[in-house]
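Enquirer: Sending over a structure as structure tokens; questions will come in a sec.
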Amino acid sequence: MGLLAKRWWAVMIRGIAAILFGLAALVWPGPTLAFLIALFGIYVLIDGVFAIAAAIEATQRDARWWPLALEGVLGILAAIAVFAWPGLTALVLLYLIAAWAIVTGVFELAAAIQFRDRGGEAFLMGLTGIVSVIFGLLLVFNPGSGALAVLWLIGIYAIIFGVLLLGLSRQLRGWQKRMVEA
């Protein structure tokens, strides 16, 4: 948790990226599927890079690094797939997004359980994981609900996820300040 607290700004950037992605999905519901695919690809690439950066930092402190590294690699692989095959059907894209959200959520839940003695930080991390898993499952079980509905669902999910990450980054920043003062 000290590592996350030291890099609170990376969590904040992830939250801002998620909120911007969500707002774009809600404000411009008429873009083509290619635009949505590219937007999602950019988002998971940024998310993956920051997760790997956190994993690298964790290795330097002999902390658990592999969940962050795996999350980052999966995000980057998802981005590569999105950019390599932009003609993916909407259904395949939905399952790719769903799998990414579920895996990311499971790792966030695992991290929250590991840090459950930290209070509010672990709670928000766990809540972020739960939101991710629920979002992924909604996509899996409702793939035919229509592109506009899915676009709105993706936008709402990204905004909620981003707001939770911003809250977590604020708590981590406060925790980091308390560690420095101690």
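We label chains A, B, ... in the order they appear in the structure tokens, count residues from 1 in each chain, and number ligands from 1 in the order shown.
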Give one line per residue of stretch 100-175 of chain A that approaches stretch 1-5 of chain A to at most 9 Å, naming the two atoms of the closest pair and their distance in Å to one decimal, counting only C-alpha atoms; sort by chain then ascending residue number and deliver it as a tab-separated table.
Expert:
```
residue	atom	partner	partner_atom	distance
A:Phe115	CA	A:Met1	CA	6.9
A:Arg118	CA	A:Met1	CA	8.0
A:Glu121	CA	A:Met1	CA	8.5
A:Ala122	CA	A:Met1	CA	8.9
A:Ser169	CA	A:Ala5	CA	7.7
A:Gln171	CA	A:Ala5	CA	8.2
A:Leu172	CA	A:Ala5	CA	4.4
A:Arg173	CA	A:Ala5	CA	5.8
A:Gly174	CA	A:Ala5	CA	8.1
A:Trp175	CA	A:Ala5	CA	6.3
```
Enquirer: Give me, as an mmCIF file with C-alpha atoms, in the first residue's frame, all polymer residues having an atom no more than 8 Å from stretch 106-109 of chain A, counting only C-alpha atoms and skipping those fewer than 5 positions away in the same chain.
Expert:
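Saved to part_8.cif:
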```cif
data_model
loop_
_atom_site.group_PDB
_atom_site.id
_atom_site.type_symbol
_atom_site.label_atom_id
_atom_site.label_comp_id
_atom_site.auth_asym_id
_atom_site.auth_seq_id
_atom_site.Cartn_x
_atom_site.Cartn_y
_atom_site.Cartn_z
ATOM 1 C CA PRO A 67 -0.935 -8.912 -10.224
ATOM 2 C CA LEU A 68 -0.141 -5.398 -11.462
ATOM 3 C CA GLU A 71 -3.174 -6.537 -15.363
ATOM 4 C CA MET A 125 -10.023 -0.517 -4.190
ATOM 5 C CA GLY A 126 -12.455 -3.369 -3.500
ATOM 6 C CA LEU A 127 -15.418 -1.294 -4.639
ATOM 7 C CA THR A 128 -13.567 -0.485 -7.863
ATOM 8 C CA GLY A 129 -13.029 -4.212 -8.384
ATOM 9 C CA ILE A 130 -16.691 -5.017 -7.738
ATOM 10 C CA VAL A 133 -16.674 -7.333 -12.373
#
```
Enquirer: Skipping near chain neighbours, those fewer than 5 positions away, what residues fall within 12 Å of A:Arg170 using only C-alpha atoms, listed as a ChimeraX atom specification?
Expert: /A:4-13,15,120-121,124,163-165,175-177
Enquirer: For A:Val73, which of A:Val180, A:Ala98, A:Ile46, A:Ala112 is the closest residue, counting only C-alpha atoms?
Expert: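 Counting only C-alpha atoms, the residue closest to A:Val73 is A:Ile46.
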Enquirer: Using only C-alpha atoms, determine which residues lie at most 7 Å from A:Ala158, disregarding the query and same-chain residues fewer than 5 positions distant; provide the list as JSON, numbers by chain.
Expert: {"A": [18, 19, 21, 22]}
Enquirer: Counting only C-alpha atoms, what is within 7 Å of A:Trp152, bar same-chain residues fewer than 3 positions away, as a list in words?
Expert: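 Listed by chain and then number, they are Ala25, Leu26, Leu148, Ala149, Gly155 and Ile156 of chain A.
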Enquirer: How far is it from atom CA of A:Gly41 to atom CA of A:Val82, in Å with one decimal?
Expert: 5.7 Å
Enquirer: Record the distance separating atom CA of A:Ala38 and atom CA of A:Val131, expressed in Å with one decimal.
Expert: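 Here the two named atoms are 23.0 Å from each other.
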Enquirer: Determine, counting only C-alpha atoms, which protein, DNA and RNA residues have an atom within 9 Å of an atom of A:Phe40; residues of the same chain fewer than 3 positions away are not included. Present the result as a ChimeraX atom specification.
Expert: /A:21,35-37,43-45,79,82,97
Enquirer: Filtering to N, CA and C atoms, could you give me those residues as a PDB file, in the first residue's frame?
Expert:
```pdb
ATOM      1  N   PHE A  21     -12.799   9.104 -20.943  1.00  0.00           N
ATOM      2  CA  PHE A  21     -13.311   8.082 -21.851  1.00  0.00           C
ATOM      3  C   PHE A  21     -14.827   7.942 -21.682  1.00  0.00           C
ATOM      4  N   PHE A  35     -14.414   4.366 -34.161  1.00  0.00           N
ATOM      5  CA  PHE A  35     -13.992   5.377 -33.201  1.00  0.00           C
ATOM      6  C   PHE A  35     -14.037   4.811 -31.790  1.00  0.00           C
ATOM      7  N   LEU A  36     -15.096   4.096 -31.451  1.00  0.00           N
ATOM      8  CA  LEU A  36     -15.221   3.491 -30.126  1.00  0.00           C
ATOM      9  C   LEU A  36     -14.098   2.485 -29.895  1.00  0.00           C
ATOM     10  N   ILE A  37     -13.802   1.692 -30.917  1.00  0.00           N
ATOM     11  CA  ILE A  37     -12.730   0.713 -30.784  1.00  0.00           C
ATOM     12  C   ILE A  37     -11.402   1.428 -30.516  1.00  0.00           C
ATOM     13  N   TYR A  43      -7.508   3.853 -24.198  1.00  0.00           N
ATOM     14  CA  TYR A  43      -7.743   3.788 -22.758  1.00  0.00           C
ATOM     15  C   TYR A  43      -7.042   2.580 -22.134  1.00  0.00           C
ATOM     16  N   VAL A  44      -7.234   1.371 -22.709  1.00  0.00           N
ATOM     17  CA  VAL A  44      -6.621   0.188 -22.093  1.00  0.00           C
ATOM     18  C   VAL A  44      -5.103   0.210 -22.237  1.00  0.00           C
ATOM     19  N   LEU A  45      -4.590   0.866 -23.274  1.00  0.00           N
ATOM     20  CA  LEU A  45      -3.144   1.001 -23.423  1.00  0.00           C
ATOM     21  C   LEU A  45      -2.584   1.874 -22.300  1.00  0.00           C
ATOM     22  N   ALA A  79      -5.201  -3.765 -26.065  1.00  0.00           N
ATOM     23  CA  ALA A  79      -5.015  -2.602 -26.950  1.00  0.00           C
ATOM     24  C   ALA A  79      -4.419  -3.025 -28.288  1.00  0.00           C
ATOM     25  N   VAL A  82      -7.085  -4.641 -30.350  1.00  0.00           N
ATOM     26  CA  VAL A  82      -8.026  -3.635 -30.852  1.00  0.00           C
ATOM     27  C   VAL A  82      -7.450  -2.919 -32.070  1.00  0.00           C
ATOM     28  N   ILE A  97     -13.962  -6.461 -24.071  1.00  0.00           N
ATOM     29  CA  ILE A  97     -14.131  -5.466 -23.007  1.00  0.00           C
ATOM     30  C   ILE A  97     -14.596  -6.143 -21.718  1.00  0.00           C
TER      31      ILE A  97
END
```
Enquirer: Name the closest residue to A:Phe161 among the candidates A:Phe135, A:Phe123, A:Phe50, A:Trp28; distances are taken between atoms, counting only C-alpha atoms.
Expert: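 Comparing A:Phe135, A:Phe123, A:Phe50, A:Trp28 against A:Phe161, the winner is A:Phe135.
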Enquirer: Determine the nearest neighbour of A:Pro143 from the options A:Leu94, A:Arg116, A:Tyr157, A:Leu166, counting only C-alpha atoms.
Expert: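 So, comparing all the options, the nearest one is A:Leu94.
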Enquirer: Mind pulling up the distance from atom CA of A:Arg14 to atom CA of A:Ile113?
Expert: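 Calculated distance between atom CA of A:Ile113 and atom CA of A:Arg14 is 20.9 Å.
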Enquirer: Quick one: everything within 10 Å of A:Leu70, counting only C-alpha atoms, minus sequence neighbours fewer than 5 positions away in the same chain. Send it as a list of chain:residue names.
Expert: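 The contact residues come out as A:Gly48, A:Ala51, A:Ile52, A:Ala55, A:Trp65, A:Gly75, A:Ile76, A:Val103, A:Thr104, A:Phe107.
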Enquirer: Using only C-alpha atoms, which residue out of A:Ile134, A:Ala84, A:Leu23, A:Leu77 lies closest to A:Gly105?
Expert: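 Nearest candidate to A:Gly105 out of A:Ile134, A:Ala84, A:Leu23, A:Leu77: A:Ile134.
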